[in-house]
file coords34.txt (compact mmCIF, C-alpha atoms and all ligand atoms)
# COMPACT_ATOMS: atom_id res chain seq x y z
CA MET A 930 -5.98 0.31 -55.57
CA THR A 931 -6.01 2.84 -52.80
CA PHE A 932 -3.14 3.32 -50.44
CA SER A 933 -2.74 5.16 -47.18
CA THR A 934 1.04 4.99 -47.29
CA ILE A 935 3.82 5.35 -49.85
CA LEU A 936 7.20 3.83 -49.11
CA PHE A 937 10.17 4.96 -51.16
CA ASP A 938 13.60 3.62 -51.88
CA LEU A 939 16.16 6.38 -51.24
CA PHE A 940 19.12 6.25 -53.67
CA ASP A 941 18.39 6.58 -57.39
CA THR A 942 14.70 6.88 -56.54
CA LEU A 943 14.24 9.98 -54.34
CA VAL A 944 17.86 11.05 -54.19
CA ARG A 945 20.44 11.19 -56.98
CA PHE A 946 24.02 10.25 -56.32
CA ASP A 947 26.65 11.80 -58.57
CA ARG A 948 30.10 10.20 -58.30
CA ASN A 949 31.61 13.21 -60.04
CA ARG A 950 30.79 15.26 -56.96
CA LEU A 951 33.07 13.14 -54.79
CA PRO A 952 36.47 14.70 -54.12
CA GLU A 953 39.24 13.82 -56.55
CA VAL A 954 42.40 12.15 -55.33
CA GLN A 955 45.57 11.27 -57.25
CA ILE A 956 46.45 7.56 -57.03
CA ASP A 957 49.63 6.55 -58.89
CA GLY A 958 49.35 9.66 -61.04
CA LYS A 959 45.73 9.07 -61.93
CA GLY A 960 42.79 11.17 -60.72
CA VAL A 961 39.98 9.13 -59.14
CA ARG A 962 36.76 10.14 -57.41
CA SER A 963 36.93 8.82 -53.87
CA THR A 964 36.78 9.81 -50.22
CA ALA A 965 40.19 8.08 -49.83
CA GLY A 966 42.17 11.33 -49.95
CA HIS A 967 40.27 12.62 -46.91
CA LEU A 968 40.10 9.31 -45.03
CA PHE A 969 43.80 8.48 -45.35
CA PRO A 970 45.15 11.38 -43.22
CA VAL A 971 42.73 10.38 -40.43
CA LEU A 972 44.07 6.83 -40.25
CA ALA A 973 47.71 7.49 -41.25
CA PRO A 974 49.03 8.22 -37.72
CA HIS A 975 47.73 4.77 -36.65
CA ALA A 976 48.96 2.93 -39.75
CA PRO A 977 52.74 3.32 -39.92
CA GLY A 978 54.23 2.32 -43.25
CA VAL A 979 50.89 2.50 -45.11
CA ASP A 980 50.94 4.92 -48.05
CA LEU A 981 47.98 6.36 -49.95
CA PRO A 982 47.97 3.84 -52.84
CA ARG A 983 48.00 0.94 -50.39
CA PHE A 984 45.24 2.57 -48.34
CA PHE A 985 43.19 3.10 -51.50
CA GLU A 986 43.61 -0.56 -52.56
CA ALA A 987 42.46 -1.70 -49.10
CA LEU A 988 39.49 0.69 -49.16
CA ILE A 989 38.32 -0.65 -52.53
CA TRP A 990 38.88 -4.21 -51.34
CA SER A 991 36.80 -3.57 -48.19
CA TRP A 992 33.89 -2.32 -50.30
CA GLN A 993 34.07 -5.35 -52.57
CA GLU A 994 34.33 -7.71 -49.62
CA ALA A 995 31.32 -6.06 -47.95
CA GLU A 996 29.35 -6.46 -51.20
CA ARG A 997 30.33 -10.13 -51.38
CA LEU A 998 29.16 -10.71 -47.80
CA ARG A 999 25.89 -8.83 -48.39
CA ALA A 1000 25.12 -10.85 -51.51
CA ALA A 1001 25.39 -14.09 -49.55
CA ASP A 1002 22.34 -13.60 -47.32
CA TYR A 1003 21.36 -9.87 -47.45
CA ARG A 1004 22.81 -9.19 -44.01
CA GLU A 1005 23.94 -5.58 -43.88
CA VAL A 1006 27.65 -5.02 -43.42
CA GLY A 1007 27.55 -1.63 -41.74
CA ALA A 1008 30.19 1.05 -42.21
CA PRO A 1009 31.99 0.30 -38.88
CA GLU A 1010 32.28 -3.36 -39.88
CA ARG A 1011 33.51 -2.35 -43.32
CA PHE A 1012 36.21 -0.15 -41.77
CA ALA A 1013 37.22 -3.12 -39.60
CA LEU A 1014 37.69 -5.10 -42.83
CA LEU A 1015 39.86 -2.24 -44.12
CA PHE A 1016 41.99 -2.25 -40.96
CA SER A 1017 42.52 -6.02 -41.21
CA ARG A 1018 43.50 -5.71 -44.87
CA LEU A 1019 46.19 -3.22 -43.82
CA GLY A 1020 47.48 -5.63 -41.16
CA LEU A 1021 46.04 -3.53 -38.32
CA ASP A 1022 44.17 -5.00 -35.37
CA PRO A 1023 40.66 -3.43 -35.53
CA GLY A 1024 40.45 -3.73 -31.73
CA ARG A 1025 43.45 -1.41 -31.35
CA ILE A 1026 42.15 1.44 -33.51
CA PRO A 1027 40.91 4.10 -31.05
CA ALA A 1028 37.14 4.69 -31.10
CA ASP A 1029 37.61 8.38 -31.89
CA VAL A 1030 39.61 7.48 -35.01
CA LEU A 1031 36.79 5.23 -36.25
CA ASP A 1032 34.30 8.02 -35.47
CA ALA A 1033 36.41 10.50 -37.44
CA LEU A 1034 36.58 8.11 -40.42
CA LEU A 1035 32.81 7.62 -40.33
CA SER A 1036 32.05 11.33 -40.12
CA THR A 1037 34.59 12.20 -42.85
CA HIS A 1038 33.07 9.60 -45.14
CA LYS A 1039 29.56 10.85 -44.31
CA ARG A 1040 30.49 14.47 -45.06
CA HIS A 1041 31.93 13.79 -48.52
CA LEU A 1042 29.42 11.14 -49.55
CA SER A 1043 26.44 13.31 -48.60
CA GLN A 1044 27.84 16.16 -50.73
CA ALA A 1045 27.57 13.90 -53.77
CA ALA A 1046 23.86 13.22 -53.13
CA GLU A 1047 21.01 15.58 -53.92
CA LEU A 1048 17.24 15.61 -53.77
CA PRO A 1049 16.08 17.10 -57.10
CA PRO A 1050 13.69 20.06 -56.58
CA GLU A 1051 10.91 18.28 -58.50
CA HIS A 1052 11.16 15.32 -56.12
CA LEU A 1053 10.97 17.58 -53.07
CA ALA A 1054 7.94 19.34 -54.60
CA LEU A 1055 6.31 15.94 -55.21
CA ILE A 1056 6.70 14.74 -51.63
CA ILE A 1057 5.49 18.10 -50.32
CA ARG A 1058 2.32 17.63 -52.41
CA LEU A 1059 1.88 14.00 -51.27
CA ALA A 1060 2.59 14.54 -47.56
CA PRO A 1061 -0.85 15.93 -46.62
CA ARG A 1062 -2.61 13.00 -48.34
CA TYR A 1063 -0.41 9.99 -47.51
CA ARG A 1064 1.86 8.67 -44.82
CA LEU A 1065 5.33 8.63 -46.35
CA GLY A 1066 8.27 6.43 -45.47
CA ILE A 1067 11.68 5.39 -46.76
CA VAL A 1068 13.17 1.89 -46.85
CA SER A 1069 16.83 2.15 -47.86
CA ASN A 1070 19.75 -0.19 -48.32
CA PHE A 1071 22.56 1.88 -46.88
CA ASP A 1072 25.45 0.99 -44.64
CA TYR A 1073 25.45 4.09 -42.42
CA ALA A 1074 22.11 5.51 -41.30
CA PRO A 1075 23.38 8.95 -40.16
CA THR A 1076 24.39 9.78 -43.77
CA ALA A 1077 20.88 8.98 -45.06
CA HIS A 1078 19.26 11.03 -42.27
CA TRP A 1079 21.65 13.93 -42.83
CA ILE A 1080 20.93 14.11 -46.59
CA LEU A 1081 17.17 14.34 -45.85
CA GLU A 1082 17.70 16.98 -43.17
CA ARG A 1083 19.97 19.09 -45.36
CA GLU A 1084 17.38 18.95 -48.17
CA ARG A 1085 14.62 19.96 -45.67
CA ALA A 1086 12.75 16.73 -46.39
CA ALA A 1087 13.25 14.78 -43.15
CA GLY A 1088 10.03 16.09 -41.57
CA LEU A 1089 7.92 14.86 -44.49
CA PHE A 1090 8.57 11.19 -43.68
CA GLN A 1091 6.98 9.33 -40.78
CA ALA A 1092 9.55 6.55 -40.94
CA VAL A 1093 13.05 6.34 -42.38
CA VAL A 1094 14.18 2.72 -42.18
CA VAL A 1095 17.81 2.05 -43.09
CA SER A 1096 19.34 -1.40 -43.45
CA ALA A 1097 22.30 -0.38 -41.25
CA ASP A 1098 19.85 -0.03 -38.33
CA VAL A 1099 17.73 -3.09 -39.12
CA GLY A 1100 20.66 -5.41 -39.87
CA TRP A 1101 19.04 -6.75 -43.06
CA ARG A 1102 18.88 -5.38 -46.57
CA LYS A 1103 16.15 -5.39 -49.17
CA PRO A 1104 14.86 -7.72 -50.61
CA LYS A 1105 14.83 -9.43 -47.16
CA PRO A 1106 11.31 -9.18 -45.65
CA ALA A 1107 12.65 -8.03 -42.25
CA ILE A 1108 13.46 -4.51 -43.45
CA PHE A 1109 10.00 -3.98 -44.98
CA GLU A 1110 8.37 -5.44 -41.87
CA ALA A 1111 10.35 -2.98 -39.74
CA ALA A 1112 8.74 -0.18 -41.75
CA PHE A 1113 5.25 -1.67 -41.34
CA GLN A 1114 5.79 -1.90 -37.61
CA ARG A 1115 7.04 1.67 -37.34
CA LEU A 1116 4.02 2.97 -39.26
CA GLY A 1117 1.45 0.61 -37.74
CA ILE A 1118 0.35 -0.63 -41.20
CA GLY A 1119 0.13 -3.86 -43.17
CA PRO A 1120 1.46 -4.55 -46.68
CA ALA A 1121 -1.93 -3.93 -48.34
CA ASP A 1122 -1.91 -0.33 -47.07
CA ALA A 1123 1.23 0.72 -48.88
CA LEU A 1124 2.68 1.23 -52.34
CA PHE A 1125 6.42 0.73 -52.68
CA VAL A 1126 8.40 2.85 -55.14
CA GLY A 1127 11.94 1.86 -56.14
CA ASP A 1128 14.37 1.67 -59.04
CA ARG A 1129 15.76 -1.86 -58.66
CA ALA A 1130 13.74 -4.78 -60.05
CA ASP A 1131 15.89 -7.33 -58.22
CA ILE A 1132 15.77 -5.55 -54.87
CA ASP A 1133 12.78 -3.21 -54.65
CA VAL A 1134 10.26 -5.06 -56.81
CA VAL A 1135 11.25 -8.53 -55.61
CA GLY A 1136 11.34 -7.49 -51.95
CA ALA A 1137 8.10 -5.54 -51.90
CA LYS A 1138 6.18 -8.22 -53.79
CA ALA A 1139 7.50 -10.93 -51.45
CA VAL A 1140 5.88 -9.20 -48.47
CA GLY A 1141 2.62 -8.59 -50.34
CA MET A 1142 3.02 -4.94 -51.25
CA ALA A 1143 2.11 -3.34 -54.56
CA VAL A 1144 5.11 -1.83 -56.36
CA ALA A 1145 5.80 0.99 -58.76
CA TRP A 1146 9.08 0.29 -60.54
CA LEU A 1147 11.00 3.40 -61.46
CA ASN A 1148 12.33 2.33 -64.84
CA PRO A 1149 13.47 5.42 -66.74
CA GLY A 1150 15.23 3.36 -69.42
CA GLY A 1151 12.12 1.32 -70.21
CA GLU A 1152 13.99 -1.94 -69.52
CA ALA A 1153 12.19 -5.29 -69.65
CA VAL A 1154 11.55 -6.99 -66.31
CA PRO A 1155 14.53 -9.37 -65.94
CA PRO A 1156 13.58 -13.03 -66.53
CA GLY A 1157 12.27 -14.82 -63.48
CA LEU A 1158 11.41 -11.64 -61.57
CA PRO A 1159 7.85 -10.67 -60.69
CA GLU A 1160 6.04 -7.99 -62.68
CA PRO A 1161 5.47 -4.73 -60.84
CA GLU A 1162 1.93 -3.34 -60.70
CA TYR A 1163 3.14 -0.06 -62.18
CA GLU A 1164 6.10 1.32 -64.11
CA LEU A 1165 7.28 4.89 -63.98
CA LYS A 1166 9.55 6.73 -66.39
CA SER A 1167 10.12 9.41 -63.79
CA LEU A 1168 9.24 9.77 -60.14
CA VAL A 1169 6.78 12.61 -60.74
CA GLU A 1170 4.60 10.21 -62.77
CA LEU A 1171 3.68 8.71 -59.40
CA GLU A 1172 0.83 11.20 -59.07
CA ARG A 1173 -0.78 9.79 -62.22
CA ILE A 1174 -0.97 6.35 -60.58
CA LEU A 1175 -2.25 7.67 -57.29
CA ALA A 1176 -5.07 9.66 -58.85
CA PRO A 1177 -6.09 7.72 -61.97
CA GLY A 1178 -8.90 9.22 -63.97
CA GLU A 1179 -8.74 12.43 -62.08
CA PRO A 1180 -9.98 15.19 -64.42
CA GLY A 1181 -7.36 17.43 -65.89
CA PRO A 1182 -7.56 21.22 -65.72
CA ASP A 1183 -11.10 22.42 -66.32
CA PRO A 1184 -11.06 24.60 -69.47
CA SER A 1185 -14.02 26.57 -68.19
CA ALA A 1186 -11.83 27.61 -65.28
CA SER A 1187 -9.40 29.36 -67.64
CA PRO A 1188 -9.18 33.08 -67.22
CA ALA A 1189 -11.58 34.84 -69.59
CA TYR A 1190 -8.83 36.57 -71.54
CA LEU A 1191 -7.45 33.17 -72.62
CA ILE A 1192 -10.67 31.84 -74.16
CA GLN A 1193 -11.94 34.99 -75.84
MG MG B 1201 17.76 2.59 -55.38
call {"tool": "encode", "arguments": {"input": "coords34.txt", "output": "structure tokens", "more": "lines below"}}
Ligand SMILES: [Mg+2]
result
Amino acid sequence: MTFSTILFDLFDTLVRFDRNRLPEVQIDGKGVRSTAGHLFPVLAPHAPGVDLPRFFEALIWSWQEAERLRAADYREVGAPERFALLFSRLGLDPGRIPADVLDALLSTHKRHLSQAAELPPEHLALIIRLAPRYRLGIVSNFDYAPTAHWILERERAAGLFQAVVVSADVGWRKPKPAIFEAAFQRLGIGPADALFVGDRADIDVVGAKAVGMAVAWLNPGGEAVPPGLPEPEYELKSLVELERILAPGEPGPDPSASPAYLIQ
């Protein structure tokens, strides 16, 4: 198969997220990794009587509730909507939280979350090598697009992608066809032109196959395809193996090209 375009999942495919790089906060005498310790002081002046443990409980609840809603029909519950769930949980009227407070919560969350994400140097080197030969894009399930864009900018990778499509902007999450179709539209391509690369069999493989795209499943643990899910065209142990798929049968280094002093 030949492709003009490679579309990547973002988290746990291109970018690694390390929870241990989130700030630590003490909740009931126990250290936990969370942005809560930085978010709480932003909201506290508007939430009289709410202490940090109660705020933390509501924050966790809002994440779980957002996940429950997303699982129902793959509609994205964006970060502003998730904060509205948090406000309601704390007995606050979301309509009465000033817009600048919501903005400050969003930017605080973005700052600390993005610090826990990194683009490994070997992944950056890979996309630099691929960029002259393929159109590259990203299709990501993420609830706040500015964080995804900021991570790519900080890692000096943003300019290598012709399209960065985030579920928070589209309104639908993978495996829903709409988010893949948004990427096709942005790039002016059809599904047969692109290879999708992602780490989740139930999201990336299922979604890409459903719209007619070939998929490379990033499966470092060598897991079996879960029952009932479609088989991907390719499996990768690591992202850098992608080049092997894209150039099958390409000759390796030519021994005759070795410097003379090595073959004497
Ligand atoms: Mg992923």
call {"tool": "closest_residue", "arguments": {"input": "coords34.txt", "among": "A:Leu1042, A:Val1126, A:Leu1048, A:Ala987", "to": "ligand MG 1201 (chain B)", "atoms": "all atoms listed in the file"}}
result
A:Val1126
call {"tool": "residues_near_ligand", "arguments": {"input": "coords34.txt", "ligand": "ligand MG 1201 (chain B)", "cutoff": "8 Å", "atoms": "all atoms listed in the file", "output": "number ranges by chain"}}
result
A: 938-942, 1069-1070, 1127-1129, 1133
call {"tool": "atom_distance", "arguments": {"input": "coords34.txt", "atom1": "atom CA of A:Trp1146", "atom2": "atom CA of A:Pro1159"}}
result
11.0 Å
call {"tool": "atom_distance", "arguments": {"input": "coords34.txt", "atom1": "atom CA of A:Val944", "atom2": "atom CA of A:Leu1081"}}
result
9.0 Å
call {"tool": "closest_residue", "arguments": {"input": "coords34.txt", "among": "A:Val961, A:Ala1111, A:Ala1054, A:Leu968", "to": "A:Leu1015", "atoms": "only C-alpha atoms"}}
result
A:Leu968
call {"tool": "residues_around", "arguments": {"input": "coords34.txt", "residues": "A:Val1134", "least_positions_apart": "6", "cutoff": "10 Å", "atoms": "all atoms listed in the file", "output": "PyMOL selection string"}}
result
chain A and resi 1103-1104+1125-1128+1142-1147+1154+1158-1162
call {"tool": "closest_residue", "arguments": {"input": "coords34.txt", "among": "A:Glu1172, A:Asp947, A:Asp1098, A:Asp1122", "to": "A:Asp1072", "atoms": "only C-alpha atoms"}}
result
A:Asp1098
call {"tool": "closest_atom_pairs", "arguments": {"input": "coords34.txt", "of": "stretch 999-1076 of chain A", "to": "stretch 1115-1119 of chain A", "cutoff": "12 Å", "atoms": "all atoms listed in the file", "output": "Markdown table"}}
result
| residue | atom | partner | partner_atom | distance |
| --- | --- | --- | --- | --- |
| A:Tyr1063 | CA | A:Leu1116 | CA | 11.7 |
| A:Arg1064 | CA | A:Leu1116 | CA | 8.3 |
| A:Leu1065 | CA | A:Leu1116 | CA | 9.2 |
| A:Gly1066 | CA | A:Leu1116 | CA | 8.3 |
| A:Ile1067 | CA | A:Leu1116 | CA | 11.0 |
| A:Val1068 | CA | A:Arg1115 | CA | 11.3 |
call {"tool": "closest_residue", "arguments": {"input": "coords34.txt", "among": "A:Phe985, A:Phe1109, A:Ser1096, A:Val1135", "to": "A:Gln955", "atoms": "only C-alpha atoms"}}
result
A:Phe985
call {"tool": "residues_near_point", "arguments": {"input": "coords34.txt", "point": "(43.4, -4.0, -41.5)", "cutoff": "10 Å", "atoms": "all atoms listed in the file", "output": "short mmCIF file (atom, residue, chain, number, x, y, z; two decimals) with C-alpha atoms, in the frame of the given file"}}
result
data_model
loop_
_atom_site.label_atom_id
_atom_site.label_comp_id
_atom_site.auth_asym_id
_atom_site.auth_seq_id
_atom_site.Cartn_x
_atom_site.Cartn_y
_atom_site.Cartn_z
CA ALA A 976 48.96 2.93 -39.75
CA PHE A 984 45.24 2.57 -48.34
CA ALA A 987 42.46 -1.70 -49.10
CA LEU A 988 39.49 0.69 -49.16
CA SER A 991 36.80 -3.57 -48.19
CA PHE A 1012 36.21 -0.15 -41.77
CA ALA A 1013 37.22 -3.12 -39.60
CA LEU A 1014 37.69 -5.10 -42.83
CA LEU A 1015 39.86 -2.24 -44.12
CA PHE A 1016 41.99 -2.25 -40.96
CA SER A 1017 42.52 -6.02 -41.21
CA ARG A 1018 43.50 -5.71 -44.87
CA LEU A 1019 46.19 -3.22 -43.82
CA GLY A 1020 47.48 -5.63 -41.16
CA LEU A 1021 46.04 -3.53 -38.32
CA ASP A 1022 44.17 -5.00 -35.37
CA PRO A 1023 40.66 -3.43 -35.53
CA ILE A 1026 42.15 1.44 -33.51
#
call {"tool": "residues_around", "arguments": {"input": "coords34.txt", "residues": "A:Leu1034", "least_positions_apart": "2", "cutoff": "10 Å", "atoms": "all atoms listed in the file", "output": "list in words"}}
result
Thr964, His967, Leu968, Phe969, Pro970, Val971, Leu972, Ala1008, Pro1009, Phe1012, Ala1028, Asp1029, Val1030, Leu1031, Asp1032, Ser1036, Thr1037, His1038, Lys1039 and Arg1040 of chain A
call {"tool": "atom_distance", "arguments": {"input": "coords34.txt", "atom1": "atom CA of A:Ile1057", "atom2": "atom CA of A:Leu1165"}}
result
19.1 Å
call {"tool": "axis_aligned_box", "arguments": {"input": "coords34.txt", "around": "stretch 1030-1037 of chain A", "padding_each_side": "5 Å", "output": "lines of an AutoDock Vina configuration file"}}
result
center_x = 35.8
center_y = 8.7
center_z = -38.9
size_x = 17.6
size_y = 17.0
size_z = 17.8
call {"tool": "closest_residue", "arguments": {"input": "coords34.txt", "among": "A:Gly1157, A:Pro1149, A:Lys1105, A:Arg1011", "to": "A:Glu996", "atoms": "only C-alpha atoms"}}
result
A:Arg1011
call {"tool": "residues_around", "arguments": {"input": "coords34.txt", "residues": "A:Val1169", "least_positions_apart": "3", "cutoff": "8 Å", "atoms": "only C-alpha atoms", "output": "compact mmCIF listing (two decimals) with C-alpha atoms, in the frame of the given file"}}
result
# COMPACT_ATOMS: atom_id res chain seq x y z
CA GLU A 1051 10.91 18.28 -58.50
CA HIS A 1052 11.16 15.32 -56.12
CA LEU A 1055 6.31 15.94 -55.21
CA GLU A 1172 0.83 11.20 -59.07
call {"tool": "closest_residue", "arguments": {"input": "coords34.txt", "among": "A:Ser963, A:Asn1148, A:Thr934, A:Thr1076", "to": "A:Phe1090", "atoms": "only C-alpha atoms"}}
result
A:Thr934
